[in-house]
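Engineer: Attaching a single structure in structure tokens format; questions to follow.
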Amino acid sequence: MATTAATVGQVGHAGHVDDRSFLRKYIFSTDHKMIGIQFLIMSLIFLGLGGTLAMMMRWQLGFPGQAMPGGTILPETMAPGGILLPEFYISLVTMHGTFMVFFAIMPLLVGVFGNFLIPLKIGAPDMAFPRLNMMSFWVAVPAGLIMLAGFWAEGGHAGAGWTSYAPLSEAPEYSGVSLGQQLWCVSLIVLGLSSMLGAVNYITTVINMRAPGMTWFRLPLSIWALFITAILVLLAIPILAGGVIMLLFDQTIGTHFFKPATGGQALLWQHLFWFFGHPEVYILILPAMGFVSDIIANGSRKPIFGYESMVFAIMGIGFLGWIVWGHHMFQSGMNPTLGQTFMISTLLIAVPSAIKTFNWMGTMWRGSLHFHVPMLHAVAFVAMFVIGGLSGVFMASTPVDIYIHDTYFIVAHIHYVLFGGSLFALFAAITYWYPKMFGRMMNAFWGKVHFWLTFVFYNLTFFPMHQLGLQGHMRRIYDPTQYQFLQPLQPLNQFISIAAFLLFAAQAIFALNFIVSWFTGAKAETNPWRDNALEWTVPSPPPHGNFAVTPTVYRGPYEYSSPEATEDYLPQDQRLPTDRVPAPKPAGD
Amino acid sequence: MPWSWLLPDGASTFAGRIDFLYYVILVITGIAFVVVEVGLVWFLIKYRARPGRKAEYIHGSTKAEITWTSVTAVTVVVLGLMSGPVWNQIKGRDSVPGDAMPVAIHGQQFEWHVTYPGPDGQLGSADDFDLRNQLHVVVNRPTVATLTAEDVIHSFFVPAWRIKQDAVPGMGIRVWFQPTEVGTYELACAELCGLGHYRMRAQVTVHTQDSYDQWLAEQGQNVALR
Amino acid sequence: MAHVAVMEPPAAAEQGAGVYNEKLGMWIFLGSEVMFFTALIGSYIILRFGAQGPWAAPGVVLNVPVTAFNTFLLICSSVSMVKAYAAVVDGDQAKFKMWLLLTIIAGASFVGVQGYEYTHLIQDGFLPSGIREGSELAEKVAAGAVPEATAGIYGSSFYIMTGFHGFHVTCGVVSMIWVYLKALRGGYSSSDYRGVEVIGLYWHFVDLVWIILFTIVYLV
């Protein structure tokens with residue numbers, strides 16, 4: 001059979017007529033692009049819900065014991081007369097974290113962009129296992145519904161924090177919560193299954209389905225990041241599953257894993273949870289870093305600075321992330337010697353993160369910076385991730401952690417990396433790939449308004465939390481005024497709450513922009529950002545099967561302002577006279 | 001001062017060492033913060049797109065990578081070397097002074113039970129007595145508390161002493177401290193322990209030796225009356 | 001249009017793992033399974049060696065000889081799986097289906113024997129929550145043959161480890177039945193036996209986990 005010319009520019013899968021039914025095209029779709037959009041809608045809903053929960057928390061913290069405006073619609077078991085009860089407050093704390101980590105940020109980064117971008121950016125027609133991919137979304141939906149159902153459970157929703165420490169989480173006589181805590185466990189087991197299906201798909205696809213010429217070191221950093229993240233998901237989620245199953249059994253069939261009185265160990269839960277939990281937080285940041293790299297190079301019209309270092313930094317973070325989990329447990333009562341070892345590994349993980357930060361700056365240095373909306377968010381990511389990363393150094397030092405553990409200093413750190421970091425990167429990514437997803441541009445003016453309002457109110461909300469923590473303000477407390485030493489901090493709490501309300505209100509602009517642009521946004525061209533990667537060579541949105549002709553790749557994705565090109569960008573699949581065609585693979589027969 | 005990066009006043013021998021480390025890290029991270037943020041803003045202004053100016057086609061610099069990797073690595077290693085001994089002095093299992101006064105602190109939903117050794121200074125003897133939500137210690141003398149928990153994980157936190165230690169059911173965890181100032185302070189629970197977590201506070205009183213002896217004598221009378 | 005060879009890596013692709021997608025996917029999935037069993041077995045190790053007292057010797061509560069036979073059965077089923085795979089590669093449909101059927105029977109028998117074992121253990125009073133009061137084993141506890149302090153976590157870890165393994169075996173048997181039914185319809189040949197190879201990989205993994213589990217639960 002044909003060998004030489006046929007493997008180059010093979011007929012792709014997008015040449016056929018798309019005769020799928022409505023159900024197969026939009027609901028039970030096996031197309032990675034549609035599945036990515038489905039995850040986007042579900043995750044944005046949970047993002048909004050998670051934010052709403054936070055607003056209620058901030059009301060209570062800013063104005064303890066006062067009736068919340070609109071609070072009277074809540075049932076007596078949650079907020080009689082609009083005044084939040086401590087049990088409701090604790091479930092808000094728990095569910096804000098749970099929703100945001102598991103049902104918003106993780107699926108946004110991994111479920112949406114992993115699905116949408118991977119096949120397109122590597123030149124493949126779809127994922128390796130499209131039907132498994134469809135199952136991955138449709139398994140996530142019941143997981144979300146189960147987690148929501150907990151609010152209607154008798155006894156209220158889970159109330160042990162998103163970290164669900166045992167023994168508090170396993171006994172209703174301790175937490176006051178029974179069914180809600182069990183639903184939390186069941187939901188995460190189901191969601192874990194969804195994540196696993198996705199991870200297997202992503203890893204197989206990236207390894208086996210890259211287009212000819214798309215060597216490992218020509219992959220966009222967003223794909224490297226998603227690939228390493230998928231490996232972390234693959235290996236970390238089963239640990240969570242094991243732990244949560246043990247917790248569920250302790251709650252329901254009388255096992256004793258975390259019950260000290262009958263031979264179990266309370267710390268066992270923490271080890272299991274954080275052995276998962278620390279790779280989890282890198283799952284929550286690595287894809288964001290990848291998107292930011294792609295967008296900053298594009299906005300600077302300049303190659304990414306130190307591409308290989310960036311790849312090794314992603315790998316380094318992925319690897320080191322497995323050996324730092326004990327830094328969440330410095331004060332837990334575990335052997336203090338472990339505190340020393342975990343401190344060392346934790347301090348070391350600052351190094352690859354620093355490398356990435358300097359490389360982003362190096363990319364902008366001597367670039368030609370265009371401040372489109374994604375670029376604004378991407379630069380803000382760098383500015384705020386740095387703050388989050390630097391605050392981490394304080395807690396890495398075990399003696400300093402003695403003081404700041406379980407204070408608002410930690411809360412500040414978490415939110416600088418997850419909101420200042422991941423969420424800003426998501427605003428960048430959603431705006432950037434929106435045209436490719438929906439065939440329309442989001443409104444740039446309102447995008448900028450949203451950016452500036454968010455940036456200002458975000459910092460006003462979360463920066464003062466460092467100060468709260470340094471004065472000793474603990475986490476997860478319903479009424480700070482119970483403590484004399486916290487009473488002088490109430491004005492700060494109020495300030496933060498008001499800033500938070502304004503921050504939340506500003507998100508309406510993004511939501512409206514997202515929805516309205518879907519219907520009336522300016523029609524998007526094929527390559528509105530003048531980007532080099534492969535998804536920008538196909539229509540907006542791309543057809544089922546993506547590429548009419550399988551692309552051949554001649555270079556990496558960051559050849560901006562190359563002397564070899566007439567434009568200030570040079571697509572990966574554009575063949576120059578000096579480029580050699582990659583040798584055809586021996587066709588299987 | 002709520003809005004400050006300065007820590008509140010410390011009142012134990014640990015505070016000096018912990019606060020010093022904190023300020024060292026503050027300075028180092030502060031410098032990094034200024035370098036990065038000012039650098040960013042400068043780049044945003046200096047390199048904004050201007051007609052006729054093209055971006056420079058550079059892929060990186062091995063020299064730059066080596067420089068910033070080594071500087072970061074050396075800095076964190078130094079911070080680790082500075083922190084390690086302090087951690088050992090505070091939390092090391094062999095670091096508890098032999099002459100530390102023993103107390104037993106039992107955390108339960110939602111209060112702190114403190115068992116005092118009584119005049120003989122020995123825990124587990126007949127003259128021990130219990131108090132609820134009151135911790136009394138002597139200034140400039142080390143005290144070692146054995147932390148236990150009745151039900152769920154609690155955490156013993158006295159901000160002024162810069163001391164925090166989880167109390168875990170099924171474990172007896174020793175934590176020691178030496179107050180340097182006379183006064184009253186608050187003890188807070190620093191691990192979510194259920195509905196009453198927010199009000200699991202206790203009063204801490206640091207006495208002079210004389211005042212403590214007097215208080216102890218009063219307790220003895222109370223015990224005799226019980 | 002060029003013939004797409006399914007037992008090779010995707011044709012229009014850069015050099016990847018050198019194996020077809022389904023096989024690569026199964027290896028990757030098995031990586032996650034390693035982590036899952038690590039969580040369960042690791043917890044068991046932490047609970048056992050951090051326990052306040054000794055654990056019951058395996059033979060006191062558990063029926064080691066019956067489980068040893070069951071182990072032998074599972075190992076045999078891996079051998080028959082290898083033979084089924086070799087047959088389909090060779091094109092011998094009759095032998096392939098016979099060896100696959102034997103594997104299914106052996107696997108189902110393993111689950112059956114484990115069910116029998118569980119039934120007897122529960123009747124004797126050995127539960128995930130520990131020893132049932134008034135049961136036969138409760139007398140052994142009173143006699144000191146089964147340490148009371150660790151009976152609870154002994155039961156908990158025994159059932160979760162062997163139970164999830166049994167669940168994985170069951171899933172494997174169900175999958176093999178599905179493969180067998182497809183084989184009856186002529187779904188596999190010497191030029192496309194992907195499903196057979198992939199389920200074979202899974203089956204060998206499940207067997208390997210059992211050998212580890214049997215050793216640490218029944219022999220130590």
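Following the order of the structure tokens, chains are lettered A, B, ..., residues in each are numbered from 1, and ligands are numbered from 1.
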Hey, what's within 10 Å of C:Ile216 if we count only C-alpha atoms and toss same-chain stuff fewer than 6 positions away? As a list in words, please?

Structural biologist: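 What passes the distance filter is Ile41, Tyr44, Ile45, Pro58 and Trp210 of chain C.
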
Engineer: Tell me, as a PyMOL selection string, which residues lie within 6 Å of stretch 60-77 of chain C, counting only C-alpha atoms; anything in the same chain fewer than 4 positions away does not count.

Structural biologist: chain C and resi 103+106+110

Engineer: Residues of the last selection are to be written out with N, CA and C atoms, as a PDB file, in the first residue's frame.

Structural biologist:
ATOM      1  N   THR C 103     -11.123 -20.118  31.624  1.00  0.00           N
ATOM      2  CA  THR C 103     -10.697 -18.994  32.451  1.00  0.00           C
ATOM      3  C   THR C 103     -11.885 -18.376  33.170  1.00  0.00           C
ATOM      4  N   ALA C 106     -12.946 -20.693  35.962  1.00  0.00           N
ATOM      5  CA  ALA C 106     -12.014 -20.606  37.096  1.00  0.00           C
ATOM      6  C   ALA C 106     -12.191 -19.294  37.848  1.00  0.00           C
ATOM      7  N   PHE C 110     -13.484 -18.760  41.666  1.00  0.00           N
ATOM      8  CA  PHE C 110     -12.744 -18.009  42.684  1.00  0.00           C
ATOM      9  C   PHE C 110     -13.693 -17.116  43.462  1.00  0.00           C
TER      10      PHE C 110
END

Engineer: Counting only C-alpha atoms, what are the residues of chain A within 7 Å of chain B, and for each of them which pair of atoms is the nearest and at what distance in Å, to one decimal? Sort the table by chain and rising number, as CSV.

Structural biologist:
residue,atom,partner,partner_atom,distance
A:Pro86,CA,B:Leu195,CA,6.0
A:Glu87,CA,B:Leu195,CA,5.8
A:Pro167,CA,B:Val152,CA,5.2
A:Leu168,CA,B:Val152,CA,5.3
A:Tyr174,CA,B:Gly194,CA,6.5
A:Ser175,CA,B:Gly194,CA,5.2
A:Pro260,CA,B:Gly170,CA,5.0
A:Ala261,CA,B:Gly170,CA,6.6
A:Arg301,CA,B:Ala55,CA,6.2
A:Lys302,CA,B:Ala55,CA,5.9
A:Pro303,CA,B:His59,CA,5.7
A:Ile304,CA,B:His59,CA,6.5
A:Phe305,CA,B:Gly60,CA,4.5
A:Gly306,CA,B:Gly60,CA,4.5
A:Gln331,CA,B:Gln165,CA,5.3
A:Ser332,CA,B:Asp166,CA,5.2
A:Gly333,CA,B:Asp166,CA,6.2
A:Pro336,CA,B:Gly92,CA,6.0
A:Gln340,CA,B:Gly84,CA,6.3
A:Ile344,CA,B:Gly80,CA,6.3
A:Leu347,CA,B:Val76,CA,5.6
A:Leu348,CA,B:Val76,CA,6.7
A:Val351,CA,B:Thr72,CA,5.9
A:Ile355,CA,B:Thr69,CA,6.3
A:Met361,CA,B:Leu40,CA,6.8
A:Met364,CA,B:Phe43,CA,6.7
A:Trp365,CA,B:Phe43,CA,6.1
A:Arg366,CA,B:Glu56,CA,5.8
A:Gly367,CA,B:Ala55,CA,4.2
A:Ser368,CA,B:Ala49,CA,4.4
A:Leu369,CA,B:Arg48,CA,4.3
A:His370,CA,B:Ala49,CA,5.8
A:Ala383,CA,B:Glu37,CA,6.3
A:Leu390,CA,B:Thr29,CA,5.9
A:Phe394,CA,B:Ile25,CA,6.5
A:Ser397,CA,B:Ser83,CA,5.9
A:Thr398,CA,B:Trp87,CA,6.2
A:Pro399,CA,B:Trp87,CA,5.1
A:Val400,CA,B:Ile18,CA,5.7
A:Ile402,CA,B:Lys164,CA,5.5
A:Tyr403,CA,B:Arg162,CA,5.2
A:Asp406,CA,B:Ala190,CA,6.1
A:Gln467,CA,B:Trp3,CA,5.9
A:Leu468,CA,B:Pro2,CA,7.0
A:Leu470,CA,B:Leu7,CA,6.1
A:Gln471,CA,B:Pro8,CA,6.2
A:Gly472,CA,B:Pro159,CA,5.9
A:Met474,CA,B:Ala190,CA,6.2
A:Arg476,CA,B:Leu192,CA,6.6
A:Ile477,CA,B:Tyr198,CA,4.6
A:Tyr478,CA,B:Tyr198,CA,5.6
A:Asp479,CA,B:Tyr198,CA,6.1
A:Gln482,CA,B:Arg199,CA,6.2
A:Leu489,CA,B:Pro2,CA,6.0
A:Ser561,CA,B:Tyr57,CA,5.9
A:Ser562,CA,B:Tyr57,CA,6.0

Engineer: So that I can see what lies close to stretch 146-161 of chain C, please list as a list in words the residues with an atom at most 6 Å from it, counting only C-alpha atoms and leaving out residues fewer than 6 positions away in the same chain.

Structural biologist: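 Counting only C-alpha atoms, the residues come to Thr255, His256 and Gly263 of chain A; Tyr44, Trp55, Ala56, Leu127, Pro128, Ser129, Gly130 and Lys140 of chain C.
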
Engineer: Could I get the residues of chain C with an atom no further than 9 Å from an atom of chain A, each paired with its nearest atom pair and that distance in Å to one decimal, using only C-alpha atoms, sorted by chain and residue number, as a Markdown table?

Structural biologist:
| residue | atom | partner | partner_atom | distance |
| --- | --- | --- | --- | --- |
| C:Met1 | CA | A:Val11 | CA | 8.2 |
| C:Ala2 | CA | A:Met1 | CA | 6.9 |
| C:His3 | CA | A:Asp589 | CA | 7.4 |
| C:Val4 | CA | A:Gly588 | CA | 7.3 |
| C:Ala5 | CA | A:Gly588 | CA | 5.4 |
| C:Val6 | CA | A:Gly588 | CA | 8.4 |
| C:Met7 | CA | A:Gly588 | CA | 8.3 |
| C:Glu8 | CA | A:Gly588 | CA | 6.2 |
| C:Pro9 | CA | A:Asn208 | CA | 6.7 |
| C:Pro10 | CA | A:Met209 | CA | 6.4 |
| C:Ala11 | CA | A:Ala587 | CA | 6.4 |
| C:Ala12 | CA | A:Thr7 | CA | 6.1 |
| C:Ala13 | CA | A:Ala211 | CA | 4.5 |
| C:Glu14 | CA | A:Pro212 | CA | 4.5 |
| C:Gln15 | CA | A:Asn208 | CA | 7.1 |
| C:Gly16 | CA | A:Asn208 | CA | 4.5 |
| C:Ala17 | CA | A:Asn208 | CA | 6.1 |
| C:Gly18 | CA | A:Asn208 | CA | 7.8 |
| C:Val19 | CA | A:Asn208 | CA | 8.2 |
| C:Tyr20 | CA | A:Asn208 | CA | 7.9 |
| C:Asn21 | CA | A:Ala128 | CA | 6.4 |
| C:Glu22 | CA | A:Ala128 | CA | 8.2 |
| C:Leu24 | CA | A:Thr204 | CA | 6.3 |
| C:Gly25 | CA | A:Thr204 | CA | 5.7 |
| C:Met26 | CA | A:Val200 | CA | 8.2 |
| C:Ile28 | CA | A:Val200 | CA | 6.2 |
| C:Phe29 | CA | A:Val200 | CA | 6.1 |
| C:Gly31 | CA | A:Leu235 | CA | 7.0 |
| C:Ser32 | CA | A:Leu235 | CA | 5.2 |
| C:Glu33 | CA | A:Pro238 | CA | 7.2 |
| C:Val34 | CA | A:Leu235 | CA | 8.4 |
| C:Met35 | CA | A:Pro238 | CA | 5.9 |
| C:Phe36 | CA | A:Pro238 | CA | 4.6 |
| C:Phe37 | CA | A:Gly242 | CA | 7.9 |
| C:Thr38 | CA | A:Ile239 | CA | 7.8 |
| C:Ala39 | CA | A:Ile239 | CA | 5.4 |
| C:Leu40 | CA | A:Gly242 | CA | 6.2 |
| C:Ser43 | CA | A:Leu268 | CA | 7.2 |
| C:Tyr44 | CA | A:Phe257 | CA | 8.9 |
| C:Ile46 | CA | A:Leu268 | CA | 7.7 |
| C:Leu47 | CA | A:Gly264 | CA | 6.6 |
| C:Gly50 | CA | A:Gln265 | CA | 8.4 |
| C:Ala51 | CA | A:Gly263 | CA | 6.4 |
| C:Gln52 | CA | A:Gly263 | CA | 7.2 |
| C:Gly53 | CA | A:Gly263 | CA | 9.0 |
| C:Leu127 | CA | A:Thr255 | CA | 8.7 |
| C:Pro128 | CA | A:Thr255 | CA | 5.5 |
| C:Ser129 | CA | A:Thr255 | CA | 4.4 |
| C:Gly130 | CA | A:Thr255 | CA | 7.5 |
| C:Ala149 | CA | A:Gly263 | CA | 6.3 |
| C:Thr150 | CA | A:Gly263 | CA | 5.7 |
| C:Ala151 | CA | A:Gly263 | CA | 8.2 |
| C:Gly152 | CA | A:His256 | CA | 6.1 |
| C:Ile153 | CA | A:His256 | CA | 5.5 |
| C:Tyr154 | CA | A:Gly263 | CA | 8.9 |
| C:Gly155 | CA | A:Thr255 | CA | 7.6 |
| C:Ser156 | CA | A:Thr255 | CA | 5.0 |
| C:Ser157 | CA | A:Phe257 | CA | 7.8 |
| C:Ile160 | CA | A:Met246 | CA | 8.0 |

Engineer: With DSSP run on the backbone, what are the strand (DSSP E) residues within stretch 40-218 of chain B? I'd like them as a ChimeraX atom specification.

Structural biologist: /B:101-108,111-116,129-132,134-138,143-149,154-158,163-167,173-177,183-189,201-207
